[in-house]
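Structure file input23.pdb with PDB, C-alpha atoms:
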ATOM      1  CA  MET F 228     111.783  95.709  24.537
ATOM      2  CA  HIS F 229     111.217  96.295  20.841
ATOM      3  CA  VAL F 230     113.294  98.721  18.750
ATOM      4  CA  GLU F 231     111.423 100.987  16.349
ATOM      5  CA  LEU F 232     113.113 103.242  13.792
ATOM      6  CA  ASP F 233     111.222 105.888  11.852
ATOM      7  CA  GLU F 234     113.224 105.689   8.607
ATOM      8  CA  PRO F 235     111.660 108.823   7.042
ATOM      9  CA  LYS F 236     112.942 110.848  10.037
ATOM     10  CA  CYS F 237     116.466 109.379   9.835
ATOM     11  CA  VAL F 238     119.140 111.894   8.776
ATOM     12  CA  ALA F 239     121.804 109.229   8.121
ATOM     13  CA  SER F 240     124.206 110.435  10.816
ATOM     14  CA  GLY F 241     125.162 106.858  11.710
ATOM     15  CA  GLN F 242     125.346 107.467  15.445
ATOM     16  CA  CYS F 243     123.106 104.478  16.144
ATOM     17  CA  VAL F 244     125.360 102.189  14.108
ATOM     18  CA  LEU F 245     128.422 103.413  15.995
ATOM     19  CA  VAL F 246     126.967 102.708  19.454
ATOM     20  CA  ALA F 247     124.884  99.607  18.644
ATOM     21  CA  PRO F 248     126.212  97.856  15.518
ATOM     22  CA  GLU F 249     124.533  94.622  16.600
ATOM     23  CA  VAL F 250     121.142  96.319  16.261
ATOM     24  CA  PHE F 251     121.496  98.945  13.517
ATOM     25  CA  ASP F 252     123.025  99.167  10.068
ATOM     26  CA  GLN F 253     122.892 101.726   7.246
ATOM     27  CA  ARG F 254     121.854 101.371   3.622
ATOM     28  CA  GLU F 255     124.779 101.883   1.276
ATOM     29  CA  GLU F 256     122.837 103.946  -1.256
ATOM     30  CA  ASP F 257     121.688 106.723   1.085
ATOM     31  CA  GLY F 258     122.993 106.028   4.586
ATOM     32  CA  ILE F 259     119.531 105.680   6.119
ATOM     33  CA  ALA F 260     119.614 103.407   9.153
ATOM     34  CA  PHE F 261     117.603 100.238   9.575
ATOM     35  CA  VAL F 262     117.093  97.752  12.407
ATOM     36  CA  ILE F 263     118.736  94.332  12.183
ATOM     37  CA  ASP F 264     117.733  93.109  15.678
ATOM     38  CA  GLU F 265     114.304  94.329  16.756
ATOM     39  CA  ASN F 266     114.418  92.641  20.178
ATOM     40  CA  PRO F 267     117.841  93.152  21.769
ATOM     41  CA  ALA F 268     118.626  92.061  25.315
ATOM     42  CA  GLY F 269     121.238  92.628  28.008
ATOM     43  CA  ASP F 270     124.178  94.903  27.229
ATOM     44  CA  THR F 271     122.898  95.348  23.698
ATOM     45  CA  LEU F 272     119.727  96.904  25.074
ATOM     46  CA  ASP F 273     121.856  99.408  27.001
ATOM     47  CA  ALA F 274     123.571 100.377  23.728
ATOM     48  CA  VAL F 275     120.163 100.886  22.107
ATOM     49  CA  ARG F 276     119.135 103.173  24.948
ATOM     50  CA  GLU F 277     122.248 105.227  24.220
ATOM     51  CA  ALA F 278     121.368 105.283  20.500
ATOM     52  CA  VAL F 279     117.896 106.574  21.358
ATOM     53  CA  ALA F 280     119.436 109.334  23.467
ATOM     54  CA  ILE F 281     121.976 110.501  20.864
ATOM     55  CA  CYS F 282     119.944 110.181  17.645
ATOM     56  CA  PRO F 283     119.929 113.724  16.216
ATOM     57  CA  ALA F 284     116.607 113.150  14.463
ATOM     58  CA  ALA F 285     114.863 111.411  17.390
ATOM     59  CA  ALA F 286     114.027 108.626  14.948
ATOM     60  CA  ILE F 287     114.573 105.693  17.339
ATOM     61  CA  ARG F 288     112.411 104.520  20.193
ATOM     62  CA  LEU F 289     112.042 101.521  22.477
ATOM     63  CA  ALA F 290     108.588 100.099  22.954
ATOM     64  CA  ALA F 291     107.343  97.423  25.324
ATOM     65  CA  ARG F 292     106.344  94.159  23.753
TER      66      ARG F 292
END
As structure tokens, the full file:
Amino acid sequence: MHVELDEPKCVASGQCVLVAPEVFDQREEDGIAFVIDENPAGDTLDAVREAVAICPAAAIRLAAR
């Protein structure tokens, strides 16, 4: 699976970073999230699924590769 983040939709809540810090981080200047591991596996993938579910802006999605 491939992680996609729509940065313009991101509201900088940081929920994704809290549940999947191996996959997401936030820019210091504005808090907007970005992806640091686009192809997570195993337990990390489960954390990304949780991030997708709790993102208040619906800015994250998983896509098949």
**Message:** Under the rule that only C-alpha atoms are counted, which of F:Cys243, F:Asp233, F:Phe261, F:Arg254 is the nearest residue to Arg276 of chain F?
**Reply:** F:Cys243
**Message:** Can you translate the PyMOL selection byres ((chain F and resi 272) around 12) into the concrete residues it hits in this file, as number ranges by chain?
**Reply:** F: 228-230, 246-251, 264-271, 273-279, 288-290
**Prompt:** Near Gln242 of chain F, within 9 Å and counting only C-alpha atoms, which residues show up once chain neighbours fewer than 6 positions away are dropped, as a list in words?
**Reply:** Ala278, Ile281, Cys282 and Pro283 of chain F
Would you mind listing what lies within 10 Å of Val238 of chain F as an mmCIF file with C-alpha atoms, in the coordinates of the input, with all atoms listed in the file counted and same-chain residues fewer than 3 positions away left out?
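Result written to result_15.cif:
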data_model
loop_
_atom_site.group_PDB
_atom_site.id
_atom_site.type_symbol
_atom_site.label_atom_id
_atom_site.label_comp_id
_atom_site.auth_asym_id
_atom_site.auth_seq_id
_atom_site.Cartn_x
_atom_site.Cartn_y
_atom_site.Cartn_z
ATOM 1 C CA GLU F 234 113.224 105.689 8.607
ATOM 2 C CA PRO F 235 111.660 108.823 7.042
ATOM 3 C CA GLY F 241 125.162 106.858 11.710
ATOM 4 C CA ASP F 257 121.688 106.723 1.085
ATOM 5 C CA GLY F 258 122.993 106.028 4.586
ATOM 6 C CA ILE F 259 119.531 105.680 6.119
ATOM 7 C CA ALA F 260 119.614 103.407 9.153
ATOM 8 C CA CYS F 282 119.944 110.181 17.645
ATOM 9 C CA PRO F 283 119.929 113.724 16.216
ATOM 10 C CA ALA F 284 116.607 113.150 14.463
ATOM 11 C CA ALA F 285 114.863 111.411 17.390
ATOM 12 C CA ALA F 286 114.027 108.626 14.948
#
Find the axis-aligned box for segment 241-246 of chain F, covering all its listed atoms and adding 3 Å on each side, and write its centre and edge lengths in Å to one decimal as JSON.
{"center_x": 125.8, "center_y": 104.8, "center_z": 15.6, "size_x": 11.3, "size_y": 11.3, "size_z": 13.7}
